[in-house]
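Participant: This one is structure-v6.tsv, TSV, C-alpha atoms.
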chain	number	residue	atom	x	y	z
I	947	MET	CA	-35.77	-15.89	-118.60
I	948	GLY	CA	-39.03	-17.39	-117.28
I	949	GLU	CA	-42.02	-19.34	-118.54
I	950	PHE	CA	-45.77	-19.43	-118.09
I	951	ILE	CA	-47.24	-22.27	-116.04
I	952	ALA	CA	-50.74	-23.33	-115.03
I	953	ILE	CA	-52.10	-22.59	-111.54
I	954	GLN	CA	-55.08	-24.43	-110.14
I	955	THR	CA	-57.77	-22.43	-108.34
I	956	MET	CA	-58.37	-23.13	-104.65
I	957	ASP	CA	-61.54	-25.09	-105.44
I	958	LYS	CA	-59.59	-27.18	-108.00
I	959	GLN	CA	-62.24	-26.44	-110.64
I	960	GLN	CA	-60.30	-24.16	-113.00
I	961	THR	CA	-56.78	-23.11	-113.94
I	962	PHE	CA	-55.19	-19.81	-114.84
I	963	ARG	CA	-51.66	-19.00	-115.83
I	964	GLY	CA	-48.74	-17.29	-114.13
I	965	TYR	CA	-45.24	-16.29	-115.14
I	966	LEU	CA	-42.55	-18.27	-113.32
I	967	ALA	CA	-38.95	-17.04	-112.97
I	968	VAL	CA	-36.31	-19.20	-111.26
I	969	PRO	CA	-32.86	-18.20	-109.93
I	970	ALA	CA	-29.74	-19.30	-111.78
I	971	SER	CA	-29.07	-21.67	-108.88
I	972	GLY	CA	-32.34	-23.45	-109.68
I	973	LYS	CA	-33.84	-23.03	-106.23
I	974	GLY	CA	-34.84	-20.48	-103.61
I	975	PRO	CA	-37.66	-19.25	-101.38
I	976	GLY	CA	-41.06	-18.83	-103.04
I	977	LEU	CA	-42.38	-15.38	-103.87
I	978	VAL	CA	-45.67	-14.31	-105.45
I	979	LEU	CA	-45.48	-11.06	-107.41
I	980	GLY	CA	-48.68	-9.03	-107.62
I	981	GLN	CA	-49.29	-7.31	-110.95
I	982	GLU	CA	-50.08	-3.70	-111.70
I	983	ILE	CA	-53.35	-2.88	-113.50
I	984	PHE	CA	-51.65	-3.56	-116.86
I	985	GLY	CA	-51.58	-7.34	-116.48
I	986	VAL	CA	-48.62	-9.69	-116.55
I	987	ASN	CA	-46.90	-7.48	-119.10
I	988	ALA	CA	-43.25	-7.08	-120.07
I	989	ASN	CA	-42.60	-4.85	-117.07
I	990	MET	CA	-43.97	-7.36	-114.57
I	991	ARG	CA	-42.02	-10.17	-116.20
I	992	ALA	CA	-38.84	-8.08	-115.97
I	993	VAL	CA	-39.53	-7.41	-112.28
I	994	ALA	CA	-40.00	-11.15	-111.76
I	995	ASP	CA	-36.65	-11.80	-113.45
I	996	LEU	CA	-35.04	-9.22	-111.15
I	997	TYR	CA	-36.38	-10.91	-108.01
I	998	ALA	CA	-35.25	-14.26	-109.39
I	999	GLU	CA	-31.76	-12.79	-109.67
I	1000	GLU	CA	-32.13	-11.83	-105.99
I	1001	GLY	CA	-32.56	-15.53	-105.25
I	1002	TYR	CA	-36.33	-16.11	-105.29
I	1003	VAL	CA	-38.56	-18.50	-107.20
I	1004	VAL	CA	-41.08	-15.93	-108.45
I	1005	LEU	CA	-44.63	-16.55	-109.66
I	1006	VAL	CA	-46.69	-13.71	-111.20
I	1007	PRO	CA	-50.34	-14.84	-111.39
I	1008	ASP	CA	-52.75	-13.46	-113.97
I	1009	LEU	CA	-55.22	-11.75	-111.62
I	1010	PHE	CA	-57.52	-10.55	-114.42
I	1011	TRP	CA	-58.21	-14.02	-115.81
I	1012	ARG	CA	-61.79	-14.11	-114.51
I	1013	LEU	CA	-62.54	-11.05	-116.69
I	1014	GLU	CA	-60.10	-11.60	-119.54
I	1015	ARG	CA	-57.23	-14.05	-119.78
I	1016	ASP	CA	-53.63	-13.17	-120.60
I	1017	VAL	CA	-53.94	-9.38	-120.31
I	1018	ASP	CA	-50.67	-7.79	-121.44
I	1019	LEU	CA	-51.03	-4.02	-121.80
I	1020	GLY	CA	-48.66	-1.19	-122.54
I	1021	TYR	CA	-48.96	2.39	-121.33
I	1022	THR	CA	-50.84	4.16	-124.11
I	1023	GLN	CA	-53.96	6.18	-123.30
I	1024	GLU	CA	-56.09	3.38	-124.76
I	1025	ASP	CA	-54.27	0.74	-122.70
I	1026	PHE	CA	-54.63	2.83	-119.56
I	1027	ALA	CA	-58.39	3.16	-120.08
I	1028	LYS	CA	-58.73	-0.60	-120.48
I	1029	ALA	CA	-56.54	-1.23	-117.42
I	1030	ILE	CA	-58.69	1.07	-115.27
I	1031	ASP	CA	-61.84	-0.70	-116.46
I	1032	LEU	CA	-60.41	-4.12	-115.57
I	1033	PHE	CA	-59.22	-2.85	-112.19
I	1034	GLN	CA	-62.65	-1.43	-111.34
I	1035	ARG	CA	-64.44	-4.65	-112.32
I	1036	MET	CA	-62.01	-7.08	-110.68
I	1037	ASP	CA	-63.34	-9.15	-107.76
I	1038	VAL	CA	-60.88	-8.35	-104.96
I	1039	ASP	CA	-61.89	-11.37	-102.87
I	1040	ALA	CA	-61.34	-13.68	-105.84
I	1041	ALA	CA	-57.97	-12.06	-106.53
I	1042	VAL	CA	-56.80	-12.78	-102.98
I	1043	SER	CA	-57.99	-16.35	-103.40
I	1044	ASP	CA	-55.92	-16.60	-106.59
I	1045	ILE	CA	-52.89	-15.31	-104.68
I	1046	ALA	CA	-53.47	-18.06	-102.11
I	1047	ALA	CA	-53.70	-20.55	-105.00
I	1048	SER	CA	-50.38	-19.21	-106.29
I	1049	PHE	CA	-48.82	-19.87	-102.88
I	1050	ALA	CA	-50.19	-23.39	-103.04
I	1051	LYS	CA	-48.67	-23.84	-106.49
I	1052	LEU	CA	-45.27	-22.66	-105.28
I	1053	GLU	CA	-45.38	-25.23	-102.49
I	1054	THR	CA	-45.62	-28.00	-105.09
I	1055	LEU	CA	-42.53	-26.88	-107.00
I	1056	ASN	CA	-39.23	-28.66	-106.41
I	1057	GLN	CA	-37.38	-25.38	-106.96
I	1058	VAL	CA	-38.96	-23.81	-103.88
I	1059	GLU	CA	-37.17	-24.25	-100.57
I	1060	GLY	CA	-37.47	-22.74	-97.11
I	1061	ASP	CA	-40.21	-22.53	-94.52
I	1062	GLY	CA	-42.11	-19.43	-95.58
I	1063	LEU	CA	-43.51	-17.71	-98.65
I	1064	GLY	CA	-43.47	-14.03	-99.54
I	1065	TYR	CA	-45.52	-11.58	-101.58
I	1066	VAL	CA	-44.54	-8.32	-103.32
I	1067	GLY	CA	-47.13	-6.27	-105.20
I	1068	PHE	CA	-47.22	-3.04	-107.17
I	1069	CYS	CA	-50.10	-0.60	-107.70
I	1070	MET	CA	-53.15	-2.89	-107.69
I	1071	GLY	CA	-50.84	-5.58	-106.38
I	1072	GLY	CA	-49.78	-3.16	-103.64
I	1073	LYS	CA	-53.35	-2.97	-102.37
I	1074	LEU	CA	-53.52	-6.76	-102.48
I	1075	ALA	CA	-50.34	-6.93	-100.38
I	1076	TYR	CA	-52.33	-5.70	-97.39
I	1077	LEU	CA	-55.14	-8.20	-98.01
I	1078	THR	CA	-52.59	-10.95	-98.54
I	1079	ALA	CA	-51.23	-10.12	-95.09
I	1080	THR	CA	-54.70	-10.28	-93.51
I	1081	ARG	CA	-56.13	-13.27	-95.37
I	1082	THR	CA	-53.30	-15.67	-96.27
I	1083	LYS	CA	-50.37	-17.42	-94.60
I	1084	ALA	CA	-47.71	-15.25	-96.25
I	1085	ALA	CA	-44.71	-14.80	-93.96
I	1086	CYS	CA	-43.97	-11.42	-95.53
I	1087	SER	CA	-46.21	-9.14	-97.63
I	1088	ILE	CA	-44.87	-6.01	-99.30
I	1089	GLY	CA	-46.83	-3.41	-101.23
I	1090	PHE	CA	-45.71	-0.56	-103.45
I	1091	TYR	CA	-48.09	2.43	-103.72
I	1092	GLY	CA	-51.23	0.42	-103.03
I	1093	MET	CA	-54.58	2.09	-103.69
I	1094	GLY	CA	-57.62	1.72	-101.42
I	1095	ILE	CA	-56.04	0.01	-98.43
I	1096	GLU	CA	-57.77	2.52	-96.14
I	1097	ASN	CA	-61.10	0.90	-97.07
I	1098	TYR	CA	-60.09	-2.41	-95.48
I	1099	LEU	CA	-58.72	-1.27	-92.14
I	1100	ASP	CA	-61.41	-3.26	-90.33
I	1101	GLU	CA	-59.12	-6.25	-91.10
I	1102	VAL	CA	-56.05	-4.72	-89.48
I	1103	ASP	CA	-56.11	-7.12	-86.52
I	1104	GLU	CA	-55.83	-10.04	-88.94
I	1105	VAL	CA	-52.41	-9.01	-90.24
I	1106	SER	CA	-50.04	-11.93	-89.84
I	1107	GLY	CA	-46.41	-12.07	-90.80
I	1108	ARG	CA	-44.44	-8.98	-91.71
I	1109	LEU	CA	-46.14	-6.20	-93.66
I	1110	VAL	CA	-44.16	-3.53	-95.51
I	1111	LEU	CA	-45.92	-0.70	-97.35
I	1112	HIS	CA	-44.15	1.80	-99.62
I	1113	PHE	CA	-46.02	5.02	-100.42
I	1114	ALA	CA	-45.26	8.03	-102.62
I	1115	GLU	CA	-45.73	11.43	-100.99
I	1116	ASN	CA	-47.34	12.95	-104.11
I	1117	ASP	CA	-49.59	9.98	-104.95
I	1118	ASN	CA	-53.17	11.17	-105.46
I	1119	TYR	CA	-54.33	7.55	-105.57
I	1120	CYS	CA	-53.30	7.25	-101.91
I	1121	ASP	CA	-53.16	10.78	-100.56
I	1122	ALA	CA	-51.94	12.09	-97.22
I	1123	GLY	CA	-55.32	11.56	-95.59
I	1124	ALA	CA	-55.49	7.91	-96.65
I	1125	ARG	CA	-51.88	7.32	-95.56
I	1126	ALA	CA	-52.60	8.87	-92.15
I	1127	LYS	CA	-55.47	6.42	-91.60
I	1128	ILE	CA	-53.30	3.46	-92.64
I	1129	CYS	CA	-50.41	4.55	-90.43
I	1130	ALA	CA	-52.70	5.07	-87.43
I	1131	ALA	CA	-54.29	1.65	-87.88
I	1132	LEU	CA	-50.96	-0.17	-88.12
I	1133	ASN	CA	-49.09	1.89	-85.55
I	1134	ALA	CA	-49.42	-0.72	-82.80
I	1135	ASN	CA	-48.21	-3.59	-84.99
I	1136	ASN	CA	-44.45	-3.94	-84.46
I	1137	ARG	CA	-44.17	-6.17	-87.54
I	1138	ALA	CA	-45.58	-3.50	-89.84
I	1139	GLU	CA	-43.25	-1.09	-91.64
I	1140	ILE	CA	-44.53	1.96	-93.53
I	1141	TYR	CA	-42.26	4.14	-95.64
I	1142	ILE	CA	-43.21	7.37	-97.39
I	1143	TYR	CA	-40.90	8.58	-100.15
I	1144	PRO	CA	-40.76	12.39	-100.41
I	1145	ASN	CA	-41.32	14.29	-103.65
I	1146	VAL	CA	-42.21	11.22	-105.72
I	1147	ASP	CA	-45.43	10.04	-107.32
I	1148	HIS	CA	-47.30	6.83	-108.06
I	1149	ALA	CA	-45.26	4.21	-109.97
I	1150	PHE	CA	-41.94	5.66	-108.79
I	1151	ALA	CA	-40.42	2.16	-108.89
I	1152	ARG	CA	-41.49	1.28	-112.44
I	1153	VAL	CA	-38.56	1.65	-114.82
I	1154	GLY	CA	-39.69	3.73	-117.79
I	1155	SER	CA	-42.56	5.37	-115.96
I	1156	ALA	CA	-42.83	9.16	-116.21
I	1157	HIS	CA	-42.71	9.11	-112.41
I	1158	PHE	CA	-39.76	6.72	-112.10
I	1159	ASP	CA	-37.39	7.95	-109.40
I	1160	LYS	CA	-34.21	5.90	-109.19
I	1161	PRO	CA	-33.10	6.91	-105.65
I	1162	ALA	CA	-36.54	6.16	-104.19
I	1163	ALA	CA	-36.80	2.91	-106.18
I	1164	LEU	CA	-33.39	1.75	-104.97
I	1165	MET	CA	-34.20	2.55	-101.35
I	1166	ALA	CA	-37.57	0.81	-101.52
I	1167	HIS	CA	-36.04	-2.24	-103.18
I	1168	GLU	CA	-33.35	-2.47	-100.52
I	1169	ARG	CA	-35.96	-2.33	-97.75
I	1170	THR	CA	-38.04	-4.92	-99.57
I	1171	ILE	CA	-35.20	-7.41	-99.91
I	1172	ALA	CA	-34.17	-6.80	-96.29
I	1173	ALA	CA	-37.68	-7.67	-95.09
I	1174	LEU	CA	-37.93	-10.74	-97.32
I	1175	LYS	CA	-34.54	-12.06	-96.25
I	1176	ARG	CA	-35.39	-11.55	-92.59
I	1177	GLU	CA	-38.58	-13.60	-92.91
I	1178	ILE	CA	-38.01	-16.18	-95.67
I	1179	GLY	CA	-34.37	-15.85	-96.80
I	1180	PRO	CA	-32.34	-16.62	-98.78
I	1181	HIS	CA	-29.34	-16.15	-96.51
I	1182	PHE	CA	-25.91	-15.65	-98.10
I	1183	ASN	CA	-22.54	-14.92	-96.54
I	1184	LEU	CA	-21.97	-11.62	-98.32
I	1185	SER	CA	-18.70	-11.01	-96.50
I	1186	HIS	CA	-17.27	-14.28	-97.82
I	1187	LEU	CA	-18.56	-13.56	-101.34
I	1188	TRP	CA	-16.89	-10.13	-101.34
I	1189	ASP	CA	-13.61	-11.55	-100.04
I	1190	GLU	CA	-13.65	-14.11	-102.85
I	1191	HIS	CA	-14.15	-11.36	-105.43
I	1192	VAL	CA	-11.33	-9.22	-104.01
I	1193	LYS	CA	-9.00	-12.23	-103.92
I	1194	HIS	CA	-9.36	-12.72	-107.67
I	1195	GLU	CA	-8.89	-9.00	-108.33
I	1196	PHE	CA	-5.73	-8.47	-106.30
I	1197	GLU	CA	-4.18	-11.88	-105.44
I	1198	THR	CA	-4.82	-14.42	-108.19
I	1199	ARG	CA	-5.41	-11.61	-110.73
I	1200	ASP	CA	-7.79	-13.88	-112.61
I	1201	VAL	CA	-10.31	-11.95	-114.71
I	1202	PRO	CA	-12.66	-14.87	-115.58
I	1203	ALA	CA	-12.75	-15.87	-111.90
I	1204	THR	CA	-13.47	-12.26	-110.94
I	1205	MET	CA	-16.36	-12.02	-113.40
I	1206	ALA	CA	-17.73	-15.37	-112.22
I	1207	THR	CA	-18.44	-13.80	-108.81
I	1208	MET	CA	-20.74	-11.22	-110.45
I	1209	VAL	CA	-24.22	-11.15	-111.96
I	1210	ALA	CA	-24.66	-11.45	-115.72
I	1211	GLU	CA	-24.69	-7.66	-116.23
I	1212	PRO	CA	-22.78	-6.00	-113.37
I	1213	TYR	CA	-21.19	-2.60	-113.14
I	1214	VAL	CA	-18.30	-0.90	-111.35
I	1215	ASN	CA	-17.89	2.84	-110.81
I	1216	HIS	CA	-14.73	4.33	-109.33
I	1217	ILE	CA	-16.33	7.63	-108.40
I	1218	PRO	CA	-13.40	10.12	-108.48
I	1219	THR	CA	-12.13	9.02	-111.91
I	1220	MET	CA	-15.38	7.58	-113.36
I	1221	THR	CA	-13.54	4.43	-114.42
I	1222	GLY	CA	-15.00	0.95	-114.48
I	1223	GLY	CA	-17.64	-0.51	-116.76
I	1224	VAL	CA	-21.34	-1.19	-117.20
I	1225	GLY	CA	-22.37	-4.63	-118.39
I	1226	ASN	CA	-20.40	-7.83	-118.79
I	1227	LYS	CA	-18.63	-6.89	-122.03
I	1228	GLN	CA	-17.36	-3.49	-120.95
I	1229	LEU	CA	-16.49	-4.55	-117.41
I	1230	SER	CA	-14.58	-7.61	-118.63
I	1231	ARG	CA	-12.62	-5.37	-120.98
I	1232	PHE	CA	-11.92	-2.95	-118.14
I	1233	TYR	CA	-10.75	-5.68	-115.75
I	1234	GLN	CA	-8.61	-7.41	-118.39
I	1235	HIS	CA	-6.82	-4.42	-119.87
I	1236	HIS	CA	-7.05	-1.59	-117.34
I	1237	PHE	CA	-7.35	-2.99	-113.81
I	1238	VAL	CA	-6.47	-6.54	-112.75
I	1239	HIS	CA	-3.18	-6.80	-114.64
I	1240	GLY	CA	-2.23	-3.13	-114.35
I	1241	ASN	CA	-1.94	-2.70	-110.62
I	1242	PRO	CA	1.54	-2.37	-109.04
I	1243	PRO	CA	2.88	-5.67	-107.67
I	1244	ASP	CA	3.04	-4.39	-104.09
I	1245	MET	CA	-0.56	-3.09	-104.00
I	1246	LYS	CA	-2.37	-4.20	-100.85
I	1247	LEU	CA	-5.51	-3.42	-98.88
I	1248	ILE	CA	-5.60	-2.79	-95.13
I	1249	PRO	CA	-9.16	-3.44	-93.83
I	1250	LEU	CA	-10.47	-0.97	-91.26
I	1251	SER	CA	-14.17	-1.73	-90.91
I	1252	ARG	CA	-16.96	-3.63	-92.61
I	1253	THR	CA	-20.71	-3.16	-92.34
I	1254	VAL	CA	-22.81	-6.02	-93.73
I	1255	GLY	CA	-26.43	-5.32	-94.60
I	1256	ALA	CA	-29.19	-7.36	-96.17
I	1257	LEU	CA	-27.91	-6.97	-99.71
I	1258	GLN	CA	-24.80	-4.83	-99.55
I	1259	ILE	CA	-21.49	-4.33	-97.80
I	1260	VAL	CA	-19.77	-1.07	-96.93
I	1261	ASP	CA	-16.01	-1.59	-96.62
I	1262	GLU	CA	-13.58	0.96	-95.19
I	1263	PHE	CA	-9.94	0.30	-95.97
I	1264	ILE	CA	-6.57	1.81	-96.84
I	1265	MET	CA	-5.03	1.02	-100.21
I	1266	CYS	CA	-1.21	1.04	-100.30
I	1267	PHE	CA	1.09	0.81	-103.32
I	1268	THR	CA	4.23	2.12	-104.94
I	1269	HIS	CA	3.47	3.97	-108.16
I	1270	THR	CA	5.74	1.81	-110.33
I	1271	THR	CA	3.22	1.20	-113.13
I	1272	GLU	CA	0.65	3.34	-114.88
I	1273	ILE	CA	-2.63	2.74	-113.05
I	1274	ASP	CA	-5.35	3.46	-115.61
I	1275	TRP	CA	-8.29	3.32	-113.22
I	1276	LEU	CA	-6.76	5.41	-110.42
I	1277	LEU	CA	-4.31	7.76	-112.19
I	1278	PRO	CA	-5.24	7.67	-115.89
I	1279	ASN	CA	-2.63	9.10	-118.25
I	1280	VAL	CA	-0.12	9.62	-115.43
I	1281	ALA	CA	3.31	8.03	-115.92
I	1282	PRO	CA	4.76	6.10	-112.94
I	1283	THR	CA	6.38	8.40	-110.38
I	1284	GLY	CA	7.88	5.77	-108.08
I	1285	ASN	CA	6.18	7.40	-105.08
I	1286	TYR	CA	4.67	5.37	-102.27
I	1287	VAL	CA	0.95	6.08	-101.72
I	1288	GLU	CA	-1.59	5.33	-98.99
I	1289	ILE	CA	-5.24	6.17	-99.66
I	1290	PRO	CA	-8.31	5.91	-97.41
I	1291	MET	CA	-11.05	4.22	-99.46
I	1292	LEU	CA	-14.70	3.34	-99.08
I	1293	GLY	CA	-16.47	0.66	-101.09
I	1294	VAL	CA	-20.25	0.26	-101.35
I	1295	VAL	CA	-20.80	-3.21	-102.76
I	1296	ARG	CA	-24.28	-4.46	-103.62
I	1297	PHE	CA	-25.30	-8.05	-104.33
I	1298	ARG	CA	-28.18	-9.73	-106.10
I	1299	GLY	CA	-28.60	-13.14	-104.58
I	1300	ASP	CA	-25.16	-14.69	-104.21
I	1301	LYS	CA	-23.56	-12.61	-106.97
I	1302	LEU	CA	-22.02	-9.16	-106.85
I	1303	TYR	CA	-24.11	-6.58	-108.70
I	1304	HIS	CA	-22.15	-3.35	-108.38
I	1305	GLU	CA	-19.25	-1.56	-106.73
I	1306	HIS	CA	-19.17	2.15	-105.90
I	1307	ILE	CA	-15.62	2.98	-104.79
I	1308	TYR	CA	-14.78	6.35	-103.21
I	1309	TRP	CA	-11.47	7.98	-102.31
I	1310	ASP	CA	-9.87	11.43	-102.00
I	1311	GLN	CA	-8.21	12.01	-105.37
I	1312	ALA	CA	-6.58	15.23	-104.12
I	1313	SER	CA	-4.67	13.20	-101.52
I	1314	VAL	CA	-3.42	10.86	-104.25
I	1315	LEU	CA	-2.26	13.75	-106.41
I	1316	VAL	CA	-0.43	15.31	-103.46
I	1317	GLN	CA	1.38	12.05	-102.73
I	1318	ILE	CA	2.60	11.54	-106.29
I	1319	GLY	CA	3.71	15.17	-106.61
I	1320	LEU	CA	1.13	16.41	-109.12
I	1321	LEU	CA	-0.61	18.75	-106.66
I	1322	ASN	CA	1.09	21.22	-104.36
I	1323	PRO	CA	-0.98	21.30	-101.15
I	1324	GLU	CA	0.36	24.67	-100.02
I	1325	GLY	CA	-2.53	27.09	-99.57
I	1326	LEU	CA	-5.12	24.45	-100.51
I	1327	PRO	CA	-7.53	22.61	-98.17
I	1328	VAL	CA	-6.06	19.20	-99.08
I	1329	ALA	CA	-3.62	16.80	-97.43
I	1330	GLY	CA	-1.42	13.90	-98.45
I	1331	VAL	CA	-0.58	10.61	-96.76
I	1332	ILE	CA	-1.56	12.01	-93.35
I	1333	THR	CA	-5.22	11.36	-94.25
I	1334	ALA	CA	-4.52	7.61	-94.22
I	1335	GLN	CA	-2.23	7.79	-91.20
I	1336	LYS	CA	-4.84	9.57	-89.10
I	1337	LEU	CA	-7.31	6.75	-89.73
I	1338	LEU	CA	-4.87	4.40	-87.99
I	1339	ASP	CA	-3.84	6.90	-85.29
I	1340	GLU	CA	-6.65	9.21	-84.26
I	1341	THR	CA	-4.31	11.09	-81.87
I	1342	LEU	CA	-2.56	12.78	-84.81
I	1343	PRO	CA	-3.44	16.49	-84.89
I	1344	SER	CA	-6.86	17.55	-86.14
I	1345	ASN	CA	-7.77	20.82	-87.87
I	1346	THR	CA	-4.27	21.47	-89.22
I	1347	LEU	CA	-5.75	22.90	-92.43
I	1348	MET	CA	-7.93	25.40	-90.52
I	1349	ALA	CA	-6.14	28.73	-90.06
I	1350	ASN	CA	-8.95	29.84	-87.75
I	1351	TRP	CA	-8.50	26.89	-85.41
I	1352	LYS	CA	-6.05	28.77	-83.18
I	1353	ASN	CA	-8.55	31.62	-82.76
I	1354	SER	CA	-11.01	29.45	-80.84
I	1355	GLU	CA	-8.48	28.13	-78.33
I	1356	SER	CA	-9.29	30.76	-75.71
I	1357	LEU	CA	-13.04	30.97	-76.37
Show me, as structure tokens, the structure contained in the file I just sent.
Facilitator:
Amino acid sequence: MGEFIAIQTMDKQQTFRGYLAVPASGKGPGLVLGQEIFGVNANMRAVADLYAEEGYVVLVPDLFWRLERDVDLGYTQEDFAKAIDLFQRMDVDAAVSDIAASFAKLETLNQVEGDGLGYVGFCMGGKLAYLTATRTKAACSIGFYGMGIENYLDEVDEVSGRLVLHFAENDNYCDAGARAKICAALNANNRAEIYIYPNVDHAFARVGSAHFDKPAALMAHERTIAALKREIGPHFNLSHLWDEHVKHEFETRDVPATMATMVAEPYVNHIPTMTGGVGNKQLSRFYQHHFVHGNPPDMKLIPLSRTVGALQIVDEFIMCFTHTTEIDWLLPNVAPTGNYVEIPMLGVVRFRGDKLYHEHIYWDQASVLVQIGLLNPEGLPVAGVITAQKLLDETLPSNTLMANWKNSESL
């Protein structure tokens, strides 16, 4: 997706290379990505591509070039030994200077727009995130499981811009004692954010790592993008983008237009029935043959609430329809019953940049089955259409399924 370009050192005497990834739109805020100890390898290039999809013009400088140019290591025991050797011999001051040079290079690129520049670093790059915050003009510096930050706390008063540090609870490279020192030093800085992820280890955000932890990685990424957007952008109207997507799903019923609102490889998961699709090919097939054209003609959505975050929307709504067609995604293998149905639903919709990345859609399948006559609610802790009606009228009786409710009336 990206390409390598030349970066001039701050003294203009030498050049080194960096991997550049640009959003599909061709422009965005500038972001320097700090490498792990394995060089600008396939993983770091993939991370750069990911942040480009989020809307940033990303530059990953080769921070080992003064020792050895174009380091690109894997994760074998031999590669790890070489990576540790390079890390231990690297000149930290020179590396920060090369990060500053990378900022300067971004400022010369026509693709870069906005008033501020950001930095995100991992492992070795996570340590450099702190020094980037103290020694450069970065508007936002973010570090993942940085090692050795506690040795530079004499610079804490020099932190400028926003600083976000992600730490792993079980990381021996930055143990509880080191984290306590860092937290204490930054406690008074209201622009510093420190997050500790329980029960995970170093490299929890690296896909393919033995320590990769998807929930922690997702949470850290969300906090990272939120901080970057707050300080340098980009700013998108996610509510409008979601409305446009829904319009093509339910009003125009246009599959190509629906897919055009999404990233290159999106996914949809309807949680109760596990229907949807992962990737462009499968999701297009799902939309074309099992969703967009298969919904009953009177299907409609009644919005109840919407929460808009930095990169996702949570929508609460009621879906209404008459079961006049077989609805593969909602009631697979169930012939039309002709029954009218109202379902409370919740959608968690995440974006990358200005494109929809995924949908997680939740609803009470038991309520649906009750309403179409496939589930007898008698003696079961389930309810039918009343679950949707009570969302619109909170004065409807509560606790009707609880036989013990009457016993507490006089207590």
Participant: Enter the distance from CA of Val1201 (chain I) to CA of Gly948 (chain I), in Å, rounded to one decimal.
Facilitator: 29.3 Å
Participant: Check which residues of region 1077-1182 of chain I sit at most 12 Å from region 1020-1024 of chain I using only C-alpha atoms, and return one row each with the closest pair of atoms and their distance in Å to one decimal, ordered by chain and rising number, as a Markdown table.
Facilitator:
| residue | atom | partner | partner_atom | distance |
| --- | --- | --- | --- | --- |
| I:Arg1152 | CA | I:Tyr1021 | CA | 11.7 |
| I:Gly1154 | CA | I:Tyr1021 | CA | 10.0 |
| I:Ser1155 | CA | I:Tyr1021 | CA | 8.9 |
| I:Ala1156 | CA | I:Tyr1021 | CA | 10.5 |
Participant: Save the residues we just selected, C-alpha atoms, as a PDB file, in the coordinates of the input?
Facilitator:
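The resulting file, out_37.pdb, is reproduced below:
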ATOM      1  CA  ARG I1152     -41.490   1.280-112.440  1.00  0.00           C
ATOM      2  CA  GLY I1154     -39.690   3.730-117.790  1.00  0.00           C
ATOM      3  CA  SER I1155     -42.560   5.370-115.960  1.00  0.00           C
ATOM      4  CA  ALA I1156     -42.830   9.160-116.210  1.00  0.00           C
TER       5      ALA I1156
END
Participant: Identify, on the basis of only C-alpha atoms, every residue whose closest approach to region 1328-1343 of chain I does not exceed 7 Å; exclude the query and any residue fewer than 5 positions from it along the same chain; express the result as a list in words.
Facilitator: Ile1264, Val1287, Glu1288, Ile1289, Pro1290, Ala1312, Ser1313, Val1314, Val1316, Gln1317 and Pro1323 of chain I
Participant: Using all atoms listed in the file, determine which residues lie at most 9 Å from Met1036 (chain I), disregarding the query and same-chain residues fewer than 2 positions distant; provide the list as a PDB file with C-alpha atoms, in the coordinates of the input.
Facilitator:
ATOM      1  CA  LEU I1009     -55.220 -11.750-111.620  1.00  0.00           C
ATOM      2  CA  PHE I1010     -57.520 -10.550-114.420  1.00  0.00           C
ATOM      3  CA  ARG I1012     -61.790 -14.110-114.510  1.00  0.00           C
ATOM      4  CA  LEU I1013     -62.540 -11.050-116.690  1.00  0.00           C
ATOM      5  CA  ASP I1031     -61.840  -0.700-116.460  1.00  0.00           C
ATOM      6  CA  LEU I1032     -60.410  -4.120-115.570  1.00  0.00           C
ATOM      7  CA  PHE I1033     -59.220  -2.850-112.190  1.00  0.00           C
ATOM      8  CA  GLN I1034     -62.650  -1.430-111.340  1.00  0.00           C
ATOM      9  CA  VAL I1038     -60.880  -8.350-104.960  1.00  0.00           C
ATOM     10  CA  ASP I1039     -61.890 -11.370-102.870  1.00  0.00           C
ATOM     11  CA  ALA I1040     -61.340 -13.680-105.840  1.00  0.00           C
ATOM     12  CA  ALA I1041     -57.970 -12.060-106.530  1.00  0.00           C
TER      13      ALA I1041
END
Participant: Contacts of Asp1008 (chain I) at 8 Å or less, counting all atoms listed in the file, minus same-chain residues fewer than 3 places along, as number ranges by chain?
Facilitator: I: 962-964, 981, 985-986, 1011, 1015-1017
Participant: Between CA of Phe1026 (chain I) and CA of Asn987 (chain I), what distance in Å does the model show, to one decimal?
Facilitator: 12.9 Å
Participant: Pick the closest to Tyr1308 (chain I) from I:His1216, I:His1235, I:His1186, I:His1157: which is it, counting all atoms listed in the file?
Facilitator: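 That would be I:His1216, the residue with the smallest distance to Tyr1308 (chain I).
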Participant: So which one's closest to Asn1097 (chain I), I:Gln1258, I:Cys1069, I:Ala1166, I:Ala1131? Using only C-alpha atoms, please.
Facilitator: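 That would be I:Ala1131, the residue with the smallest distance to Asn1097 (chain I).
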Participant: Write out as number ranges by chain each polymer residue whose atoms come within 9 Å of Gln954 (chain I), counting only C-alpha atoms; drop sequence neighbours fewer than 3 positions from it.
Facilitator: I: 957-963, 1044, 1047-1048, 1050-1051
Participant: For Ala1124 (chain I), list every protein, DNA or RNA residue within 10 Å, evaluated using only C-alpha atoms, and leave out those in the same chain fewer than 2 positions away; present the list as a PyMOL selection string.
Facilitator: chain I and resi 1093-1097+1118-1122+1126-1129
Participant: Counting all atoms listed in the file, which residue out of I:Val1066, I:Ile1248, I:Leu1099, I:Ile1307 sits closest to Ile1171 (chain I)?
Facilitator: I:Val1066
Participant: Using all atoms listed in the file, pick whichever of I:Glu1000, I:Glu1053, I:Glu1305, I:Glu1197 has the shortest atom-to-atom distance to Ala1256 (chain I).
Facilitator: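 Closest to Ala1256 (chain I), using all atoms listed in the file: I:Glu1000.
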